[in-house]
Amino acid sequence: MTPESQIVEWKSSWRDEYLKWICGFANAQGGVLEIGRNDCGEVVGVSDVDRLLEEIPNKVQSLLGIVVEVNLQSESGLEYLEIVVEPHPNPISYRGKFHYRTGSTKQVLEGAALTRLLLQKHGRTWDDVPLPGVDLDSLDGRVLADFRRRGGESERLPPNILGESDESVIEKLQLREAGLLKRAAVLLFHPAPHKFLMEAVVKIGYFRGSELLFQDVVEGDLFTQVKRTMDLLYTKYTRALISYDGLYRVETFPVPREAMREAVINAIIHRDYASATPIQIRVYDDRISMWNPAHLPPGWVTDQLAEELSSRPHNPRVAYAFFRAGMIEAWGRGIRRIVDICHEVGNPTPSWRLEAGGNGVWVRFPFSEAYKEADSAARGLAGDGATQEATRESGSARKLPEDDQKTTRKQPEGDDSSQNLADRIVSFLRVNPSASRREIAEALEGATEGSVRYHLDKLKRSGALRRVGPDRGGRWMVVDVLDVANDDDENDACAEDERTAGEAQPENSQKTARKDEEKASRETGDHHQERHGSARKQPEPRSLYDRILTLLRQNPSTSRREMAAALGTTRSTIRYRLDKLREGGKVERVGPDKGGYWKVLGDSGSEPDPDGESDPGSLS
């Protein structure tokens, strides 16, 4: 007896709805449906065998358009039917829906999953499809030049590649078809691929427990995304421990740089870019977790990823370009290398896990105990029982660097940039009093527009800065230089989180709310306490799902464009969230797209929270 698996399913009796299972087997790897076995695999027999032997093949051919083999078998004196289904080269549908067998379950394919099936059945991949509306002139010539240089240095492109035109490089990489650039060309060489391919970005966030402290969105071509993501992770989001080997300075990061580089490249190459959710990297006090909307090849499981496996990239055109640039090998050893690198430096083994439903892959890099202990000792936490106990109770195994609590970016020693960000802003404004927030962020290494806004507000409240004139056309006047970067005011940190979170309210609304709060605080006599660090609990920000449901209850006929404008987000994000709410049975559409309305069926829920991670939508 063969147990139930991806290619075996048991049913105790026949029902016409089991044609869906036959459809699922045909679209996947084929399989066997046995009628007359219970869920334990015991043969219970089947009645009216002669009728079923004639009826099942006819229904399969009539409703699915395929031919299956129906065999009569017997065991322990009882008869059962064995329906053998072969995998089909063309997509098969049952009553207009495409079913697919994965693991021991059957799924209905829609959206991106259905697109993958259709492309796969026709021998194409998502990145190999032409994309109208983008021409060769819109590609970034500097990225193409850098690609030629990398390919020449790695000796994976001919030496004369440096002298060839951009068009010639595109043709050599087979990234154009019938005069149209393929999706892979846009991902690899366009300065803003996310404008054409939804959410083709990387999001990085720093979390303490379930609270998002700050985040960055990395855009641009895929080569730039790799470089920028690595720069942010190792200058802003993680803290190096400094030691010395004789005269040489040694930096020890919580995750080896080469291992993280392999993981980032792996995620970018194998991501399902038809998905509306970006790659998300979550940095915690004791680990780094990466979520990638990717799908394992049929028959692969996460336990096998660190073994020797053949190279089967989800986006072969993208992978080929990365190989020619000398950034990856072609042997499918990336994950094995990650594990080996972590073992070499004494780090715990990273873990991989497939999200429920197969709609994403998690990789987790836990920090070593040695790193966490040394990190605590470096900032005077070792031996301080009260501090350690408070840290444990707050859910934080590691505090942010004390010398940069707010900006959280490690600066080189002996450089002017090692000043805290607030002091650097004041110094810059003494020379450039008319500078805008954007100009300040661009001029100061490690600064973002959100962090500059936060420190400017704090400097104004402390009296160190004063704004003269309007927001546009005015200037900054330095009144006094105060050391505000080390002020451990948790209330201000909460305010910064709300400003920098992906679902923050518009800036003008926040300014008005802050002014109203400060006015009310002064009237109740609490302003003095607030200025001296008293904790003031802020309301928890509502999720975008809850806000959408609230809006639909108030105005069921609102359009996606109106929802996006009202909630301060994009139409693509609203479309994605509405699809999730419909799949979860929270809302339904009544009537046509134009002229219909939304019906709220229940309260919104969160997306799956695998192994304690926040839901993938929480960074958007």
# chains A, B, ... in the order shown; residues from 1 in each chain; ligands from 1
>>> residues_around(residues="stretch 220-235 of chain A", least_positions_apart="4", cutoff="8 Å", atoms="only C-alpha atoms", output="list in words")
Val186, Leu187, Leu188, Phe189, His190, Pro191, Ala192, Pro193, His194, Val201, Val202, Ile204, Arg239, Phe253, Arg257, Met260, Arg261, Val264, Ile265, Ile268, Arg409, Lys410, Gln411 and Gly446 of chain A
>>> write_last_selection(atoms="C-alpha atoms", output="PDB file, in the first residue's frame")
ATOM      1  CA  VAL A 186      13.838  45.762 -16.893  1.00  0.00           C
ATOM      2  CA  LEU A 187      14.634  44.140 -13.543  1.00  0.00           C
ATOM      3  CA  LEU A 188      18.347  44.028 -14.268  1.00  0.00           C
ATOM      4  CA  PHE A 189      19.052  47.344 -15.959  1.00  0.00           C
ATOM      5  CA  HIS A 190      16.160  49.806 -15.554  1.00  0.00           C
ATOM      6  CA  PRO A 191      16.690  52.504 -12.879  1.00  0.00           C
ATOM      7  CA  ALA A 192      13.144  52.030 -11.507  1.00  0.00           C
ATOM      8  CA  PRO A 193      11.774  48.554 -12.318  1.00  0.00           C
ATOM      9  CA  HIS A 194       9.109  48.890  -9.601  1.00  0.00           C
ATOM     10  CA  VAL A 201      11.834  46.312  -4.133  1.00  0.00           C
ATOM     11  CA  VAL A 202      13.406  45.134  -0.874  1.00  0.00           C
ATOM     12  CA  ILE A 204      14.206  46.335   5.613  1.00  0.00           C
ATOM     13  CA  ARG A 239      26.347  46.647  15.186  1.00  0.00           C
ATOM     14  CA  PHE A 253      29.039  41.229  12.891  1.00  0.00           C
ATOM     15  CA  ARG A 257      28.819  39.332   5.593  1.00  0.00           C
ATOM     16  CA  MET A 260      24.153  37.394   4.241  1.00  0.00           C
ATOM     17  CA  ARG A 261      25.272  38.410   0.743  1.00  0.00           C
ATOM     18  CA  VAL A 264      20.205  38.440  -0.321  1.00  0.00           C
ATOM     19  CA  ILE A 265      21.276  37.446  -3.847  1.00  0.00           C
ATOM     20  CA  ILE A 268      16.463  38.507  -5.328  1.00  0.00           C
ATOM     21  CA  ARG A 409      23.938  53.673  12.099  1.00  0.00           C
ATOM     22  CA  LYS A 410      27.494  52.659  12.974  1.00  0.00           C
ATOM     23  CA  GLN A 411      29.978  55.320  11.886  1.00  0.00           C
ATOM     24  CA  GLY A 446      23.733  57.515   7.190  1.00  0.00           C
TER      25      GLY A 446
END
>>> select_by_dssp(residues="stretch 176-273 of chain A", states="helix (DSSP H, G or I)", output="PyMOL selection string")
chain A and resi 183-189+193-195+222-237+257-270
>>> residues_around(residues="A:Gly205", least_positions_apart="3", cutoff="8 Å", atoms="only C-alpha atoms", output="short mmCIF file (atom, residue, chain, number, x, y, z; two decimals) with C-alpha atoms, in the first residue's frame")
data_model
loop_
_atom_site.label_atom_id
_atom_site.label_comp_id
_atom_site.auth_asym_id
_atom_site.auth_seq_id
_atom_site.Cartn_x
_atom_site.Cartn_y
_atom_site.Cartn_z
CA LEU A 212 8.51 48.40 13.99
CA LEU A 213 11.10 51.00 15.00
CA PHE A 214 12.29 52.15 11.57
CA GLN A 215 12.53 50.90 8.01
CA ASP A 216 14.03 51.47 4.55
CA GLN A 280 11.25 41.72 3.53
CA ILE A 281 14.23 41.62 5.88
CA ARG A 282 13.44 41.94 9.59
CA VAL A 283 16.24 42.75 12.01
CA LEU A 619 6.09 46.56 6.44
#
>>> atom_distance(atom1="atom CA of A:Val600", atom2="atom CA of A:Ile574")
15.3 Å
>>> closest_residue(among="A:Arg312, A:Arg353, A:Lys182, A:Lys236", to="A:Gly334", atoms="only C-alpha atoms")
A:Arg312
>>> atom_distance(atom1="atom CA of A:Arg437", atom2="atom CA of A:Ile425")
9.9 Å
